[in-house]
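See below for input.cif, which holds mmCIF, C-alpha atoms.
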data_target
loop_
_atom_site.group_PDB
_atom_site.id
_atom_site.type_symbol
_atom_site.label_atom_id
_atom_site.label_comp_id
_atom_site.auth_asym_id
_atom_site.auth_seq_id
_atom_site.Cartn_x
_atom_site.Cartn_y
_atom_site.Cartn_z
ATOM 1 C CA MET A 1 36.641 -0.431 -0.013
ATOM 2 C CA THR A 2 38.433 -3.255 1.814
ATOM 3 C CA GLU A 3 41.126 -4.869 -0.305
ATOM 4 C CA LYS A 4 41.832 -8.558 -0.111
ATOM 5 C CA ALA A 5 45.518 -9.430 -0.077
ATOM 6 C CA PRO A 6 46.590 -12.279 -2.383
ATOM 7 C CA GLU A 7 46.841 -15.595 -0.600
ATOM 8 C CA ALA A 8 50.127 -17.487 -0.584
ATOM 9 C CA GLY A 9 50.819 -18.786 -4.070
ATOM 10 C CA GLU A 10 48.065 -16.675 -5.645
ATOM 11 C CA ALA A 11 49.087 -14.521 -8.608
ATOM 12 C CA VAL A 12 49.098 -10.744 -8.284
ATOM 13 C CA LYS A 13 46.573 -9.562 -10.861
ATOM 14 C CA THR A 14 47.262 -6.223 -12.550
ATOM 15 C CA VAL A 15 45.631 -4.418 -15.460
ATOM 16 C CA VAL A 16 47.392 -1.744 -17.503
ATOM 17 C CA HIS A 17 45.145 0.279 -19.811
ATOM 18 C CA VAL A 18 47.099 1.935 -22.628
ATOM 19 C CA MET A 19 45.024 4.783 -24.020
ATOM 20 C CA ARG A 20 45.316 6.809 -27.184
ATOM 21 C CA HIS A 21 44.735 10.529 -26.609
ATOM 22 C CA GLY A 22 41.546 12.246 -27.745
ATOM 23 C CA GLU A 23 40.969 14.316 -30.860
ATOM 24 C CA VAL A 24 43.428 17.185 -31.410
ATOM 25 C CA HIS A 25 42.669 20.685 -32.664
ATOM 26 C CA ASN A 26 44.519 20.627 -35.987
ATOM 27 C CA PRO A 27 42.770 22.804 -38.590
ATOM 28 C CA GLU A 28 45.851 22.767 -40.850
ATOM 29 C CA LYS A 29 45.665 18.945 -40.936
ATOM 30 C CA ILE A 30 49.411 18.497 -40.634
ATOM 31 C CA LEU A 31 51.280 15.572 -39.165
ATOM 32 C CA TYR A 32 52.055 17.204 -35.833
ATOM 33 C CA GLY A 33 54.147 14.357 -34.417
ATOM 34 C CA ARG A 34 56.192 15.587 -31.486
ATOM 35 C CA LEU A 35 55.607 19.280 -32.125
ATOM 36 C CA PRO A 36 54.601 21.248 -29.027
ATOM 37 C CA ASP A 37 51.384 23.188 -28.488
ATOM 38 C CA TYR A 38 48.917 20.764 -30.051
ATOM 39 C CA HIS A 39 45.994 20.481 -27.669
ATOM 40 C CA LEU A 40 42.759 18.533 -27.466
ATOM 41 C CA SER A 41 39.798 19.885 -29.400
ATOM 42 C CA VAL A 42 36.474 20.384 -27.647
ATOM 43 C CA ARG A 43 35.484 16.950 -28.933
ATOM 44 C CA GLY A 44 38.763 15.503 -27.683
ATOM 45 C CA GLN A 45 38.117 16.913 -24.215
ATOM 46 C CA ALA A 46 34.695 15.269 -24.207
ATOM 47 C CA GLN A 47 36.226 11.969 -25.283
ATOM 48 C CA ALA A 48 38.768 12.122 -22.460
ATOM 49 C CA GLN A 49 36.029 12.851 -19.928
ATOM 50 C CA ALA A 50 33.859 9.994 -21.233
ATOM 51 C CA VAL A 51 36.685 7.507 -20.721
ATOM 52 C CA ALA A 52 37.437 8.981 -17.286
ATOM 53 C CA ASP A 53 33.790 8.538 -16.309
ATOM 54 C CA TRP A 54 33.867 4.913 -17.453
ATOM 55 C CA LEU A 55 37.033 4.289 -15.426
ATOM 56 C CA ALA A 56 35.731 6.081 -12.335
ATOM 57 C CA GLU A 57 34.755 2.873 -10.559
ATOM 58 C CA ARG A 58 37.851 0.961 -11.609
ATOM 59 C CA ASP A 59 40.743 0.326 -9.223
ATOM 60 C CA ILE A 60 43.075 2.871 -10.843
ATOM 61 C CA THR A 61 46.119 3.610 -8.678
ATOM 62 C CA TYR A 62 48.575 4.985 -11.246
ATOM 63 C CA VAL A 63 48.186 7.405 -14.177
ATOM 64 C CA VAL A 64 51.050 8.218 -16.532
ATOM 65 C CA ALA A 65 51.213 10.013 -19.878
ATOM 66 C CA SER A 66 53.443 10.992 -22.744
ATOM 67 C CA PRO A 67 54.994 14.456 -22.231
ATOM 68 C CA LEU A 68 53.023 15.912 -25.164
ATOM 69 C CA GLU A 69 50.137 18.237 -24.285
ATOM 70 C CA ARG A 70 47.398 16.167 -25.908
ATOM 71 C CA ALA A 71 48.337 13.118 -23.837
ATOM 72 C CA GLN A 72 48.605 15.066 -20.593
ATOM 73 C CA GLU A 73 45.205 16.674 -21.235
ATOM 74 C CA THR A 74 43.647 13.265 -21.934
ATOM 75 C CA ALA A 75 45.052 11.879 -18.684
ATOM 76 C CA ALA A 76 43.882 14.840 -16.595
ATOM 77 C CA PRO A 77 40.216 13.883 -15.988
ATOM 78 C CA ILE A 78 41.182 10.274 -15.225
ATOM 79 C CA ALA A 79 43.723 11.389 -12.647
ATOM 80 C CA ALA A 80 41.308 13.913 -11.170
ATOM 81 C CA LEU A 81 38.525 11.369 -10.607
ATOM 82 C CA HIS A 82 40.952 9.113 -8.738
ATOM 83 C CA ASP A 83 42.703 11.945 -6.883
ATOM 84 C CA LEU A 84 46.036 10.968 -8.427
ATOM 85 C CA PRO A 85 48.934 12.934 -9.897
ATOM 86 C CA ILE A 86 49.910 12.426 -13.542
ATOM 87 C CA ASP A 87 53.343 10.943 -13.974
ATOM 88 C CA THR A 88 55.207 11.607 -17.221
ATOM 89 C CA ASP A 89 57.095 8.892 -19.094
ATOM 90 C CA ALA A 90 59.081 9.955 -22.158
ATOM 91 C CA ASP A 91 58.905 6.407 -23.527
ATOM 92 C CA LEU A 92 55.186 6.934 -24.198
ATOM 93 C CA ILE A 93 55.861 9.786 -26.652
ATOM 94 C CA GLU A 94 54.707 9.850 -30.271
ATOM 95 C CA SER A 95 56.973 8.154 -32.812
ATOM 96 C CA ALA A 96 59.501 10.264 -34.694
ATOM 97 C CA ASN A 97 58.581 10.956 -38.338
ATOM 98 C CA ILE A 98 60.516 12.732 -41.088
ATOM 99 C CA PHE A 99 57.275 14.323 -42.308
ATOM 100 C CA GLN A 100 56.507 16.021 -38.989
ATOM 101 C CA GLY A 101 55.049 19.484 -39.569
ATOM 102 C CA GLN A 102 53.898 18.707 -43.108
ATOM 103 C CA ARG A 103 50.660 17.650 -44.745
ATOM 104 C CA VAL A 104 50.753 14.000 -45.802
ATOM 105 C CA SER A 105 47.202 13.220 -46.916
ATOM 106 C CA PRO A 106 46.983 11.084 -50.086
ATOM 107 C CA GLY A 107 47.454 13.285 -53.139
ATOM 108 C CA ASP A 108 48.344 16.245 -50.960
ATOM 109 C CA GLY A 109 51.379 17.901 -49.466
ATOM 110 C CA ALA A 110 54.767 16.301 -48.939
ATOM 111 C CA LEU A 111 54.045 12.983 -50.624
ATOM 112 C CA ARG A 112 53.527 14.706 -53.981
ATOM 113 C CA ASN A 113 57.164 15.796 -53.967
ATOM 114 C CA PRO A 114 59.400 13.184 -55.695
ATOM 115 C CA THR A 115 62.348 14.176 -53.513
ATOM 116 C CA ASN A 116 60.472 12.700 -50.546
ATOM 117 C CA TRP A 117 59.779 9.336 -52.125
ATOM 118 C CA TRP A 118 63.153 8.008 -50.947
ATOM 119 C CA TYR A 119 61.803 8.066 -47.410
ATOM 120 C CA LEU A 120 59.122 5.547 -48.412
ATOM 121 C CA ARG A 121 61.570 2.908 -49.642
ATOM 122 C CA ASN A 122 61.198 0.468 -46.715
ATOM 123 C CA PRO A 123 57.780 0.319 -45.037
ATOM 124 C CA ARG A 124 58.888 -2.600 -42.874
ATOM 125 C CA GLN A 125 61.352 -0.476 -40.893
ATOM 126 C CA PRO A 126 59.774 2.138 -41.556
ATOM 127 C CA SER A 127 62.265 4.254 -43.496
ATOM 128 C CA TRP A 128 60.311 7.493 -42.860
ATOM 129 C CA GLY A 129 60.594 7.404 -39.101
ATOM 130 C CA GLU A 130 61.468 5.681 -35.852
ATOM 131 C CA PRO A 131 61.940 1.921 -36.378
ATOM 132 C CA TYR A 132 59.050 -0.226 -35.203
ATOM 133 C CA LYS A 133 61.436 -2.337 -33.114
ATOM 134 C CA GLU A 134 62.589 0.713 -31.154
ATOM 135 C CA ILE A 135 59.012 1.891 -30.613
ATOM 136 C CA ALA A 136 58.042 -1.566 -29.331
ATOM 137 C CA GLU A 137 60.984 -1.705 -26.935
ATOM 138 C CA ARG A 138 60.364 1.696 -25.335
ATOM 139 C CA MET A 139 56.617 1.138 -25.085
ATOM 140 C CA ALA A 140 57.153 -2.286 -23.481
ATOM 141 C CA ALA A 141 59.491 -0.660 -20.962
ATOM 142 C CA ALA A 142 56.827 1.946 -20.091
ATOM 143 C CA LEU A 143 54.190 -0.788 -19.812
ATOM 144 C CA GLU A 144 56.373 -2.754 -17.419
ATOM 145 C CA ARG A 145 57.038 0.290 -15.238
ATOM 146 C CA ALA A 146 53.297 0.938 -15.029
ATOM 147 C CA ARG A 147 52.615 -2.706 -14.174
ATOM 148 C CA VAL A 148 55.093 -2.563 -11.313
ATOM 149 C CA ARG A 149 53.722 0.747 -9.993
ATOM 150 C CA ALA A 150 50.139 -0.537 -10.028
ATOM 151 C CA ALA A 151 50.817 -4.137 -8.968
ATOM 152 C CA GLY A 152 47.579 -5.710 -7.785
ATOM 153 C CA HIS A 153 45.524 -2.793 -9.141
ATOM 154 C CA GLU A 154 45.072 -0.939 -12.447
ATOM 155 C CA ALA A 155 47.091 1.700 -14.299
ATOM 156 C CA VAL A 156 46.385 4.023 -17.226
ATOM 157 C CA CYS A 157 49.121 4.995 -19.692
ATOM 158 C CA VAL A 158 48.204 7.693 -22.242
ATOM 159 C CA SER A 159 50.146 7.563 -25.478
ATOM 160 C CA HIS A 160 49.672 7.901 -29.250
ATOM 161 C CA GLN A 161 48.249 5.825 -32.073
ATOM 162 C CA LEU A 162 51.355 4.299 -33.674
ATOM 163 C CA PRO A 163 53.125 3.560 -30.364
ATOM 164 C CA VAL A 164 50.002 1.907 -28.920
ATOM 165 C CA GLU A 165 49.422 -0.140 -32.066
ATOM 166 C CA THR A 166 53.070 -1.211 -32.152
ATOM 167 C CA LEU A 167 52.975 -2.208 -28.481
ATOM 168 C CA ARG A 168 49.879 -4.361 -28.993
ATOM 169 C CA ARG A 169 51.434 -6.051 -31.999
ATOM 170 C CA SER A 170 54.630 -6.714 -30.080
ATOM 171 C CA MET A 171 52.853 -8.061 -26.984
ATOM 172 C CA THR A 172 50.646 -10.364 -29.099
ATOM 173 C CA LYS A 173 53.522 -11.601 -31.280
ATOM 174 C CA GLN A 174 52.278 -10.038 -34.524
ATOM 175 C CA ASN A 175 54.389 -8.499 -37.265
ATOM 176 C CA LEU A 176 55.262 -4.944 -36.312
ATOM 177 C CA HIS A 177 54.945 -3.547 -39.832
ATOM 178 C CA HIS A 178 51.386 -2.901 -40.954
ATOM 179 C CA PHE A 179 49.092 -0.718 -43.037
ATOM 180 C CA PRO A 180 48.244 2.515 -41.160
ATOM 181 C CA THR A 181 44.607 2.191 -42.239
ATOM 182 C CA ARG A 182 44.295 -1.121 -40.371
ATOM 183 C CA ARG A 183 45.288 0.045 -36.904
ATOM 184 C CA LEU A 184 43.107 -1.062 -34.005
ATOM 185 C CA CYS A 185 43.573 2.190 -32.122
ATOM 186 C CA ASN A 186 40.883 4.828 -32.600
ATOM 187 C CA LEU A 187 40.770 8.118 -30.737
ATOM 188 C CA ALA A 188 40.529 7.766 -26.929
ATOM 189 C CA SER A 189 40.467 3.969 -27.195
ATOM 190 C CA LEU A 190 41.799 1.659 -24.492
ATOM 191 C CA THR A 191 44.055 -1.295 -25.190
ATOM 192 C CA SER A 192 44.155 -3.198 -21.906
ATOM 193 C CA PHE A 193 46.780 -5.725 -20.861
ATOM 194 C CA TYR A 194 46.032 -8.260 -18.109
ATOM 195 C CA PHE A 195 48.852 -9.686 -16.003
ATOM 196 C CA HIS A 196 49.179 -12.429 -13.418
ATOM 197 C CA ASP A 197 52.382 -11.445 -11.642
ATOM 198 C CA ASP A 198 54.609 -10.393 -14.555
ATOM 199 C CA GLN A 199 53.012 -12.712 -17.118
ATOM 200 C CA LEU A 200 50.633 -11.387 -19.757
ATOM 201 C CA VAL A 201 47.490 -13.525 -19.672
ATOM 202 C CA GLY A 202 45.184 -11.556 -21.954
ATOM 203 C CA TRP A 203 44.344 -8.272 -23.578
ATOM 204 C CA GLY A 204 41.284 -6.326 -24.666
ATOM 205 C CA TYR A 205 40.257 -3.320 -26.732
ATOM 206 C CA ALA A 206 37.462 -0.850 -26.086
ATOM 207 C CA GLU A 207 36.146 2.349 -27.643
ATOM 208 C CA LEU A 208 34.327 4.086 -24.820
ATOM 209 C CA ALA A 209 34.013 7.641 -26.113
ATOM 210 C CA GLY A 210 32.460 7.121 -29.537
ATOM 211 C CA GLN A 211 34.032 8.336 -32.744
#

Would you mind writing the file out in structure tokens?
Amino acid sequence: MTEKAPEAGEAVKTVVHVMRHGEVHNPEKILYGRLPDYHLSVRGQAQAQAVADWLAERDITYVVASPLERAQETAAPIAALHDLPIDTDADLIESANIFQGQRVSPGDGALRNPTNWWYLRNPRQPSWGEPYKEIAERMAAALERARVRAAGHEAVCVSHQLPVETLRRSMTKQNLHHFPTRRLCNLASLTSFYFHDDQLVGWGYAELAGQ
């Protein structure tokens, strides 16, 4: 395909798709956080491939992922279809959480223990994990690096639900604190940011793999 160079004074248009990884094999239903050796389920692999197929005709020139296995595995079919390597950016990693490795479903596990309730004292920070402000800052830094690497084209960054949600809220000037049940970030979804030069001019959200 012949590419048209921007004319003098014309903005360089870049799209960065920030993707949540696919479904993870987690029969114990624990909050796995940054723990190693959590991989995509069969369904998660199919979700990753469905998004890769949808992106196959897009002008993807850069693919980068969190260092965690589930993110790398989600990025793999996208990179393969575009004959690209997968870069790794530690700033795309899952958020830190004091309850990592435990079950935290309502009425179940760690949250039934009164000694853990202290960690829930400030949901605006949040007091149970990495501050939203810090998540937003590192995710914005990763987004900017991807924008620069793919300038004039498109990039895919594979990350995790809370970091992607926090990034979108930060980029669209919303409050960072929120109810977890109201996140706009389902499995294998794409949150896409549109830039003219280094200015954000729009964003979009798509669920391309079904749920």

Next item on the list: Extract, using only C-alpha atoms, all DNA, RNA and protein residues at most 12 Å from Ala141 in chain A, discarding same-chain residues fewer than 2 positions from it, and format them as an NGL selection string.
Entry: :A and (89-92 or 134-139 or 143-148 or 157 or 167 or 170-171)

Next item on the list: Apply the PyMOL selection byres ((chain A and resi 85-87) around 12) to the file shown and report the selected residues as an MDAnalysis selection string.
Entry: chainID A and resid 60:67 71:84 88:92 142 145:146 149 155:158

Next item on the list: Give me, please, the distance in Å between CA of Ser189 in chain A and CA of Glu207 in chain A, quoted to one decimal.
Entry: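 Taking CA of Ser189 in chain A as the start and CA of Glu207 in chain A as the end point, the length is 4.6 Å.
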
If the PyMOL selection byres ((chain A and resi 34) around 8) is run on the structure shown, which residues does it catch, given as a PDB file with C-alpha atoms, in the coordinates of the input?
ATOM      1  CA  TYR A  32      52.055  17.204 -35.833  1.00  0.00           C
ATOM      2  CA  GLY A  33      54.147  14.357 -34.417  1.00  0.00           C
ATOM      3  CA  LEU A  35      55.607  19.280 -32.125  1.00  0.00           C
ATOM      4  CA  PRO A  36      54.601  21.248 -29.027  1.00  0.00           C
ATOM      5  CA  LEU A  68      53.023  15.912 -25.164  1.00  0.00           C
ATOM      6  CA  ILE A  93      55.861   9.786 -26.652  1.00  0.00           C
ATOM      7  CA  GLU A  94      54.707   9.850 -30.271  1.00  0.00           C
ATOM      8  CA  SER A  95      56.973   8.154 -32.812  1.00  0.00           C
ATOM      9  CA  ALA A  96      59.501  10.264 -34.694  1.00  0.00           C
ATOM     10  CA  GLN A 100      56.507  16.021 -38.989  1.00  0.00           C
TER      11      GLN A 100
END

Notebook entry, point to check: Out of A:His178, A:Gln49, A:Ala151, A:Leu31, which residue has the shortest atom-to-atom distance to Ser105 in chain A when counting all atoms listed in the file?
Noted result: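 Ranked by minimum distance to Ser105 in chain A, first place goes to A:Leu31.
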